[in-house]
>>> print(open('upload_16.txt').read())   # compact mmCIF, C-alpha atoms
# COMPACT_ATOMS: atom_id res chain seq x y z
CA MET A 65 0.00 0.00 0.00
CA ARG A 66 1.27 3.42 -0.97
CA ILE A 67 1.13 6.53 1.22
CA LEU A 68 1.91 10.16 0.42
CA LEU A 69 3.27 12.07 3.43
CA VAL A 70 3.42 15.87 3.10
CA ASP A 71 4.92 17.89 5.98
CA ASP A 72 7.51 20.67 6.05
CA GLU A 73 9.01 19.54 9.38
CA ILE A 74 11.89 17.61 7.82
CA GLU A 75 13.02 15.63 10.86
CA LEU A 76 9.46 14.65 11.79
CA THR A 77 8.70 13.66 8.21
CA ARG A 78 11.80 11.48 7.98
CA SER A 79 11.05 9.69 11.23
CA LEU A 80 7.40 9.13 10.28
CA SER A 81 8.28 7.83 6.83
CA GLN A 82 10.79 5.40 8.35
CA ALA A 83 8.19 4.18 10.87
CA LEU A 84 5.61 3.67 8.12
CA GLU A 85 8.10 1.83 5.93
CA ARG A 86 8.90 -0.50 8.85
CA GLU A 87 5.20 -1.37 8.87
CA GLY A 88 5.49 -2.44 5.24
CA TYR A 89 4.05 0.63 3.51
CA GLN A 90 5.56 2.34 0.49
CA VAL A 91 5.97 6.03 1.40
CA ASP A 92 6.51 9.04 -0.85
CA VAL A 93 7.49 12.29 0.87
CA ALA A 94 6.98 15.95 -0.01
CA PHE A 95 7.87 19.05 2.03
CA THR A 96 5.62 21.61 0.28
CA GLY A 97 1.98 21.67 -0.73
CA GLY A 98 2.96 22.22 -4.35
CA ASP A 99 5.16 19.13 -4.46
CA GLY A 100 2.43 17.16 -2.69
CA LEU A 101 -0.12 18.17 -5.32
CA ASN A 102 2.22 17.17 -8.13
CA LEU A 103 2.86 13.74 -6.63
CA ALA A 104 -0.82 13.15 -5.89
CA ALA A 105 -1.71 14.01 -9.48
CA ARG A 106 0.92 11.65 -10.93
CA HIS A 107 0.49 8.58 -8.73
CA GLN A 108 -2.32 6.54 -7.20
CA TYR A 109 -2.11 6.52 -3.40
CA ASP A 110 -4.06 4.60 -0.79
CA LEU A 111 -3.71 7.36 1.82
CA LEU A 112 -2.68 11.04 1.94
CA VAL A 113 -1.17 12.27 5.22
CA LEU A 114 -1.10 16.09 5.12
CA ASP A 115 0.15 18.73 7.50
CA TRP A 116 -2.32 21.63 7.66
CA MET A 117 0.29 24.42 7.47
CA LEU A 118 2.53 23.95 4.40
CA PRO A 119 4.59 26.23 2.12
CA GLU A 120 3.11 27.07 -1.31
CA SER A 121 -0.26 25.38 -0.74
CA SER A 122 -1.74 24.48 2.64
CA GLY A 123 -2.84 20.95 3.43
CA LEU A 124 -6.41 22.26 3.28
CA GLU A 125 -5.83 23.51 -0.27
CA VAL A 126 -4.19 20.24 -1.28
CA CYS A 127 -7.17 18.30 0.04
CA ARG A 128 -9.70 20.56 -1.70
CA GLU A 129 -7.84 20.34 -5.00
CA ARG A 130 -7.70 16.53 -4.92
CA ARG A 131 -11.39 16.28 -4.05
CA SER A 132 -12.26 18.69 -6.89
CA GLN A 133 -10.47 16.28 -9.23
CA GLY A 134 -12.63 13.40 -8.04
CA ASP A 135 -9.90 11.81 -5.91
CA ARG A 136 -11.52 9.85 -3.06
CA THR A 137 -8.27 8.74 -1.43
CA PRO A 138 -8.62 8.96 2.38
CA VAL A 139 -6.94 12.04 3.91
CA LEU A 140 -5.46 12.25 7.40
CA PHE A 141 -4.56 15.75 8.65
CA LEU A 142 -1.64 16.30 11.02
CA THR A 143 -2.36 19.62 12.68
CA ALA A 144 -2.05 21.78 15.75
CA LYS A 145 -5.58 23.09 15.08
CA ASP A 146 -8.04 21.44 17.45
CA THR A 147 -11.18 23.60 17.63
CA LEU A 148 -14.52 22.28 16.41
CA ASP A 149 -14.67 24.99 13.74
CA ASP A 150 -11.24 23.97 12.43
CA ARG A 151 -12.33 20.35 12.27
CA VAL A 152 -15.53 21.25 10.42
CA LEU A 153 -13.44 23.31 7.97
CA GLY A 154 -11.13 20.37 7.34
CA LEU A 155 -13.95 17.84 7.01
CA ASP A 156 -15.76 20.22 4.68
CA ALA A 157 -12.65 20.23 2.49
CA GLY A 158 -12.83 16.43 2.31
CA ALA A 159 -10.58 15.21 5.14
CA ASP A 160 -11.42 11.87 6.75
CA ASP A 161 -9.59 12.13 10.07
CA TYR A 162 -7.35 14.33 12.23
CA LEU A 163 -4.37 13.78 14.45
CA VAL A 164 -3.39 16.69 16.66
CA LYS A 165 0.30 17.42 17.21
CA PRO A 166 2.07 16.28 19.29
CA PHE A 167 0.93 12.67 18.95
CA GLU A 168 2.21 9.19 19.73
CA LEU A 169 3.47 7.01 16.90
CA ARG A 170 1.21 4.10 17.84
CA GLU A 171 -1.84 6.36 17.49
CA LEU A 172 -0.70 7.49 14.05
CA LEU A 173 -0.23 3.87 12.96
CA ALA A 174 -3.69 2.96 14.28
CA ARG A 175 -5.29 5.81 12.30
CA VAL A 176 -3.34 4.81 9.18
CA ARG A 177 -4.53 1.19 9.45
CA ALA A 178 -8.14 2.28 9.90
CA LEU A 179 -8.08 4.69 6.95
CA LEU A 180 -6.34 2.25 4.62
CA ARG A 181 -9.17 -0.21 5.19
CA ARG A 182 -11.49 2.48 3.79
CA SER A 183 -9.47 3.28 0.70
CA PRO A 184 -11.69 3.35 -2.43
CA HIS A 185 -9.20 0.92 -3.97
CA PHE A 186 -10.31 -1.83 -1.56
CA ASP A 187 -13.63 -3.63 -1.05
CA ALA A 188 -13.34 -3.15 2.74
CA THR A 189 -14.51 0.48 2.47
CA LEU A 190 -17.98 -0.33 3.75
CA GLU A 191 -17.11 -3.39 5.83
CA SER A 192 -18.98 -3.57 9.13
CA PRO A 193 -17.28 -4.56 12.39
CA PRO A 194 -18.02 -8.15 13.56
CA ASP A 195 -20.57 -7.15 16.20
CA SER A 196 -22.59 -4.85 13.91
CA PRO A 197 -25.57 -5.91 11.82
CA PRO A 198 -24.38 -6.39 8.22
CA THR A 199 -25.05 -3.70 5.64
CA PRO A 200 -27.97 -4.79 3.45
CA PRO A 201 -26.79 -6.50 0.25
CA THR A 202 -28.41 -3.87 -1.96
CA GLN A 203 -26.14 -1.04 -3.04
CA ARG A 204 -28.89 1.53 -2.49
CA LEU A 205 -30.55 2.51 0.78
CA ARG A 206 -33.69 4.58 1.25
CA VAL A 207 -35.15 6.25 4.35
CA GLY A 208 -38.06 8.65 3.81
CA ASP A 209 -37.20 10.98 0.92
CA LEU A 210 -33.46 10.25 1.11
CA ASP A 211 -31.76 7.77 -1.24
CA LEU A 212 -28.15 6.62 -0.83
CA ASP A 213 -26.19 5.20 -3.77
CA LEU A 214 -23.33 3.29 -2.14
CA ASP A 215 -21.52 2.47 -5.36
CA ASN A 216 -21.29 6.07 -6.57
CA GLN A 217 -20.88 7.73 -3.13
CA LEU A 218 -23.91 9.98 -3.70
CA ALA A 219 -27.18 10.72 -1.89
CA TYR A 220 -30.35 12.15 -3.41
CA ARG A 221 -33.04 14.18 -1.71
CA GLN A 222 -35.96 16.09 -3.22
CA GLY A 223 -34.37 16.31 -6.64
CA ARG A 224 -30.89 17.37 -5.55
CA THR A 225 -27.63 15.40 -5.55
CA ILE A 226 -25.47 15.29 -2.40
CA GLU A 227 -21.79 14.43 -2.76
CA LEU A 228 -20.24 12.56 0.17
CA SER A 229 -16.74 11.88 1.46
CA VAL A 230 -15.73 8.30 2.29
CA LYS A 231 -16.36 8.87 6.00
CA GLU A 232 -19.70 10.62 5.34
CA LEU A 233 -20.76 7.67 3.18
CA ARG A 234 -19.94 5.19 5.95
CA LEU A 235 -21.66 7.31 8.60
CA LEU A 236 -24.80 7.85 6.53
CA ALA A 237 -24.99 4.17 5.53
CA TYR A 238 -24.76 3.21 9.21
CA PHE A 239 -27.55 5.63 10.15
CA MET A 240 -29.78 4.52 7.27
CA SER A 241 -29.27 0.85 8.16
CA HIS A 242 -30.67 1.60 11.65
CA PRO A 243 -33.55 4.10 11.11
CA GLY A 244 -35.22 5.28 14.30
CA GLN A 245 -32.74 3.47 16.53
CA LEU A 246 -30.71 5.21 19.21
CA LEU A 247 -27.07 4.81 18.21
CA SER A 248 -24.67 5.64 21.03
CA HIS A 249 -21.48 7.63 20.59
CA GLN A 250 -19.53 4.47 21.37
CA GLN A 251 -21.37 2.40 18.74
CA ILE A 252 -20.71 5.01 16.06
CA HIS A 253 -17.06 5.40 17.09
CA GLU A 254 -16.52 1.63 16.95
CA TYR A 255 -18.14 1.43 13.52
CA LEU A 256 -16.32 4.38 11.93
CA TRP A 257 -12.91 3.62 13.40
CA ASP A 258 -13.15 -0.19 13.21
CA GLY A 259 -11.98 -0.78 16.78
CA ASP A 260 -8.85 1.37 16.43
CA SER A 261 -8.18 4.41 18.60
CA PRO A 262 -10.98 6.95 18.02
CA PRO A 263 -10.14 10.64 17.52
CA SER A 264 -8.98 12.44 20.60
CA SER A 265 -11.47 15.29 20.24
CA ASN A 266 -14.74 16.20 18.53
CA VAL A 267 -14.23 14.67 15.07
CA LEU A 268 -17.52 12.75 15.35
CA ALA A 269 -19.46 15.89 16.34
CA ALA A 270 -17.87 17.82 13.49
CA SER A 271 -18.60 15.01 11.01
CA ILE A 272 -22.26 14.88 12.03
CA ARG A 273 -22.55 18.68 11.94
CA LEU A 274 -21.24 18.69 8.37
CA LEU A 275 -23.43 15.76 7.29
CA ARG A 276 -26.48 17.49 8.73
CA ARG A 277 -25.65 20.59 6.70
CA LYS A 278 -25.50 18.54 3.52
CA LEU A 279 -28.64 16.47 4.12
CA SER A 280 -31.07 19.19 5.21
CA ILE A 281 -31.18 22.57 3.54
CA SER A 282 -33.75 25.30 4.23
CA GLY A 283 -37.28 23.94 4.42
CA GLU A 284 -36.29 20.27 4.60
CA THR A 285 -37.00 18.08 7.62
CA PRO A 286 -33.88 17.37 9.71
CA LEU A 287 -32.88 13.71 9.60
CA ILE A 288 -30.13 13.40 12.26
CA HIS A 289 -31.46 13.98 15.77
CA THR A 290 -29.29 14.39 18.86
CA VAL A 291 -30.27 12.46 21.98
CA TYR A 292 -28.33 14.54 24.46
CA GLY A 293 -25.81 12.63 26.51
CA LYS A 294 -26.55 9.38 24.66
CA GLY A 295 -26.11 9.56 20.89
CA TYR A 296 -28.19 10.06 17.76
CA ARG A 297 -31.32 8.87 15.96
CA PHE A 298 -31.85 8.97 12.21
CA GLY A 299 -35.19 9.56 10.48
CA ASP A 300 -37.92 12.12 9.90
CA GLY A 301 -38.49 12.58 13.64
CA GLY A 302 -41.75 10.64 13.92
CA PHE A 303 -40.41 8.28 16.60
>>> encode(input="upload_16.txt", output="structure tokens")
Amino acid sequence: MRILLVDDEIELTRSLSQALEREGYQVDVAFTGGDGLNLAARHQYDLLVLDWMLPESSGLEVCRERRSQGDRTPVLFLTAKDTLDDRVLGLDAGADDYLVKPFELRELLARVRALLRRSPHFDATLESPPDSPPTPPTQRLRVGDLDLDLDNQLAYRQGRTIELSVKELRLLAYFMSHPGQLLSHQQIHEYLWDGDSPPSSNVLAASIRLLRRKLSISGETPLIHTVYGKGYRFGDGGF
């Protein structure tokens, strides 16, 4: 599996690339956003690991550019930014996960393993954990006026098309497979992160906030409902 690592901290980048190579991954390294964009355009990667603050083009800009080109490769941000608004901004650009500096190597490796299992180049993208009900065999799900096309990573509601990131697709498929059920924070964490270390902060809250924004525009019934202190329910609210 091939990883692109883009970070302008040379010593950190070298040590991380060596650690990833010891795990058996092929690693390409860039120290500027411009070089990272060039490599990402020329090669097929299974994971992009991007620092947020980069010379020439920020990690955010790199992520946005790749998504605009239809690249669905999972993106892991390495960043010192840890506010909810920052996380929403990154997720809105197409990122799949965050790791806040400073971090432990074993946590980075756990995030890498989890994201690689969701690479669009592998069938495991929508694989459920062993203790979760299996995803229905159909490649389309429907709840109320919302349709989800799993194969094409798109949702449809009231005549409009909703584009989804890999993580948004997994999250929405999980919700739509359990309509009306209370899904706890722990259940959702275990499903999205496949038993690996979950994010250290509010990535789940930011992901749901962004998904809500995409699913329900002005005048449409909200579909994701917060059960405070417990988790979330999905549906038109008629529980």
>>> atom_distance(input="upload_16.txt", atom1="CA of Phe141 in chain A", atom2="CA of Leu112 in chain A")
8.4 Å
>>> closest_residue(input="upload_16.txt", among="A:Arg234, A:Lys294, A:Arg86, A:Arg224", to="Leu279 in chain A", atoms="only C-alpha atoms")
A:Arg224
>>> atom_distance(input="upload_16.txt", atom1="CA of Leu103 in chain A", atom2="CA of Glu85 in chain A")
18.1 Å
>>> atom_distance(input="upload_16.txt", atom1="CA of Pro243 in chain A", atom2="CA of Glu284 in chain A")
17.6 Å
>>> residues_around(input="upload_16.txt", residues="range 245-250 of chain A", least_positions_apart="6", cutoff="10 Å", atoms="all atoms listed in the file", output="MDAnalysis selection string")
chainID A and resid 238:239 256 262 268:269 289:291 293:299 303
>>> closest_residue(input="upload_16.txt", among="A:Asp160, A:Asn266, A:Asp213, A:Asp300", to="Glu232 in chain A", atoms="only C-alpha atoms")
A:Asp160
>>> residues_around(input="upload_16.txt", residues="Ile281 in chain A", least_positions_apart="5", cutoff="12 Å", atoms="all atoms listed in the file", output="ChimeraX atom specification")
/A:221-222,224,226,274-276,286-287
>>> closest_residue(input="upload_16.txt", among="A:Arg175, A:Lys165, A:Lys231, A:Arg273", to="Asp149 in chain A", atoms="only C-alpha atoms")
A:Arg273
>>> residues_around(input="upload_16.txt", residues="Ser81 in chain A", least_positions_apart="3", cutoff="10 Å", atoms="only C-alpha atoms", output="JSON, numbers by chain")
{"A": [67, 68, 69, 75, 76, 77, 78, 84, 85, 86, 87, 89, 90, 91, 92, 93]}
>>> write_last_selection(input="upload_16.txt", atoms="C-alpha atoms", output="PDB file, keeping the file's coordinate frame")
ATOM      1  CA  ILE A  67       1.130   6.530   1.220  1.00  0.00           C
ATOM      2  CA  LEU A  68       1.910  10.160   0.420  1.00  0.00           C
ATOM      3  CA  LEU A  69       3.270  12.070   3.430  1.00  0.00           C
ATOM      4  CA  GLU A  75      13.020  15.630  10.860  1.00  0.00           C
ATOM      5  CA  LEU A  76       9.460  14.650  11.790  1.00  0.00           C
ATOM      6  CA  THR A  77       8.700  13.660   8.210  1.00  0.00           C
ATOM      7  CA  ARG A  78      11.800  11.480   7.980  1.00  0.00           C
ATOM      8  CA  LEU A  84       5.610   3.670   8.120  1.00  0.00           C
ATOM      9  CA  GLU A  85       8.100   1.830   5.930  1.00  0.00           C
ATOM     10  CA  ARG A  86       8.900  -0.500   8.850  1.00  0.00           C
ATOM     11  CA  GLU A  87       5.200  -1.370   8.870  1.00  0.00           C
ATOM     12  CA  TYR A  89       4.050   0.630   3.510  1.00  0.00           C
ATOM     13  CA  GLN A  90       5.560   2.340   0.490  1.00  0.00           C
ATOM     14  CA  VAL A  91       5.970   6.030   1.400  1.00  0.00           C
ATOM     15  CA  ASP A  92       6.510   9.040  -0.850  1.00  0.00           C
ATOM     16  CA  VAL A  93       7.490  12.290   0.870  1.00  0.00           C
TER      17      VAL A  93
END
>>> residues_around(input="upload_16.txt", residues="Leu172 in chain A", least_positions_apart="4", cutoff="12 Å", atoms="only C-alpha atoms", output="list in words")
Leu80, Ser81, Ala83, Leu84, Glu87, Val113, Leu140, Phe141, Leu142, Asp161, Tyr162, Leu163, Val164, Lys165, Pro166, Phe167, Glu168, Val176, Arg177, Ala178, Leu179, Asp260, Ser261, Pro262, Pro263 and Ser264 of chain A
>>> residues_around(input="upload_16.txt", residues="Gly123 in chain A", least_positions_apart="4", cutoff="6 Å", atoms="all atoms listed in the file", output="PDB file with C-alpha atoms, in the frame of the given file")
ATOM      1  CA  LEU A 114      -1.100  16.090   5.120  1.00  0.00           C
ATOM      2  CA  ASP A 115       0.150  18.730   7.500  1.00  0.00           C
ATOM      3  CA  TRP A 116      -2.320  21.630   7.660  1.00  0.00           C
TER       4      TRP A 116
END
>>> decode(input="upload_16.txt", residues="range 156-172 of chain A", atoms="N, CA and C atoms", output="PDB file, in the first residue's frame")
ATOM      1  N   ASP A 156     -15.061  19.629   5.807  1.00  0.00           N
ATOM      2  CA  ASP A 156     -15.763  20.218   4.677  1.00  0.00           C
ATOM      3  C   ASP A 156     -14.886  20.202   3.435  1.00  0.00           C
ATOM      4  N   ALA A 157     -13.577  20.283   3.626  1.00  0.00           N
ATOM      5  CA  ALA A 157     -12.645  20.229   2.494  1.00  0.00           C
ATOM      6  C   ALA A 157     -12.458  18.805   1.981  1.00  0.00           C
ATOM      7  N   GLY A 158     -12.912  17.814   2.757  1.00  0.00           N
ATOM      8  CA  GLY A 158     -12.830  16.429   2.309  1.00  0.00           C
ATOM      9  C   GLY A 158     -11.946  15.538   3.144  1.00  0.00           C
ATOM     10  N   ALA A 159     -11.423  16.044   4.283  1.00  0.00           N
ATOM     11  CA  ALA A 159     -10.584  15.207   5.140  1.00  0.00           C
ATOM     12  C   ALA A 159     -11.414  14.105   5.796  1.00  0.00           C
ATOM     13  N   ASP A 160     -10.747  13.004   6.120  1.00  0.00           N
ATOM     14  CA  ASP A 160     -11.425  11.870   6.753  1.00  0.00           C
ATOM     15  C   ASP A 160     -11.104  11.749   8.237  1.00  0.00           C
ATOM     16  N   ASP A 161      -9.964  12.259   8.668  1.00  0.00           N
ATOM     17  CA  ASP A 161      -9.587  12.133  10.070  1.00  0.00           C
ATOM     18  C   ASP A 161      -8.516  13.168  10.400  1.00  0.00           C
ATOM     19  N   TYR A 162      -8.315  13.381  11.705  1.00  0.00           N
ATOM     20  CA  TYR A 162      -7.351  14.335  12.233  1.00  0.00           C
ATOM     21  C   TYR A 162      -6.461  13.657  13.246  1.00  0.00           C
ATOM     22  N   LEU A 163      -5.244  14.148  13.346  1.00  0.00           N
ATOM     23  CA  LEU A 163      -4.365  13.777  14.448  1.00  0.00           C
ATOM     24  C   LEU A 163      -3.679  15.060  14.887  1.00  0.00           C
ATOM     25  N   VAL A 164      -3.889  15.416  16.149  1.00  0.00           N
ATOM     26  CA  VAL A 164      -3.392  16.692  16.658  1.00  0.00           C
ATOM     27  C   VAL A 164      -1.972  16.535  17.182  1.00  0.00           C
ATOM     28  N   LYS A 165      -1.083  17.410  16.735  1.00  0.00           N
ATOM     29  CA  LYS A 165       0.298  17.416  17.211  1.00  0.00           C
ATOM     30  C   LYS A 165       0.366  18.005  18.613  1.00  0.00           C
ATOM     31  N   PRO A 166       1.234  17.472  19.468  1.00  0.00           N
ATOM     32  CA  PRO A 166       2.073  16.279  19.293  1.00  0.00           C
ATOM     33  C   PRO A 166       1.247  15.013  19.484  1.00  0.00           C
ATOM     34  N   PHE A 167       1.666  13.925  18.865  1.00  0.00           N
ATOM     35  CA  PHE A 167       0.932  12.674  18.950  1.00  0.00           C
ATOM     36  C   PHE A 167       1.915  11.522  19.143  1.00  0.00           C
ATOM     37  N   GLU A 168       1.387  10.383  19.577  1.00  0.00           N
ATOM     38  CA  GLU A 168       2.213   9.192  19.732  1.00  0.00           C
ATOM     39  C   GLU A 168       2.213   8.391  18.437  1.00  0.00           C
ATOM     40  N   LEU A 169       3.337   7.767  18.138  1.00  0.00           N
ATOM     41  CA  LEU A 169       3.472   7.015  16.903  1.00  0.00           C
ATOM     42  C   LEU A 169       2.433   5.905  16.806  1.00  0.00           C
ATOM     43  N   ARG A 170       2.160   5.212  17.903  1.00  0.00           N
ATOM     44  CA  ARG A 170       1.214   4.099  17.840  1.00  0.00           C
ATOM     45  C   ARG A 170      -0.189   4.580  17.482  1.00  0.00           C
ATOM     46  N   GLU A 171      -0.532   5.827  17.878  1.00  0.00           N
ATOM     47  CA  GLU A 171      -1.838   6.358  17.491  1.00  0.00           C
ATOM     48  C   GLU A 171      -1.867   6.673  16.002  1.00  0.00           C
ATOM     49  N   LEU A 172      -0.778   7.242  15.484  1.00  0.00           N
ATOM     50  CA  LEU A 172      -0.704   7.493  14.047  1.00  0.00           C
ATOM     51  C   LEU A 172      -0.869   6.194  13.270  1.00  0.00           C
TER      52      LEU A 172
END
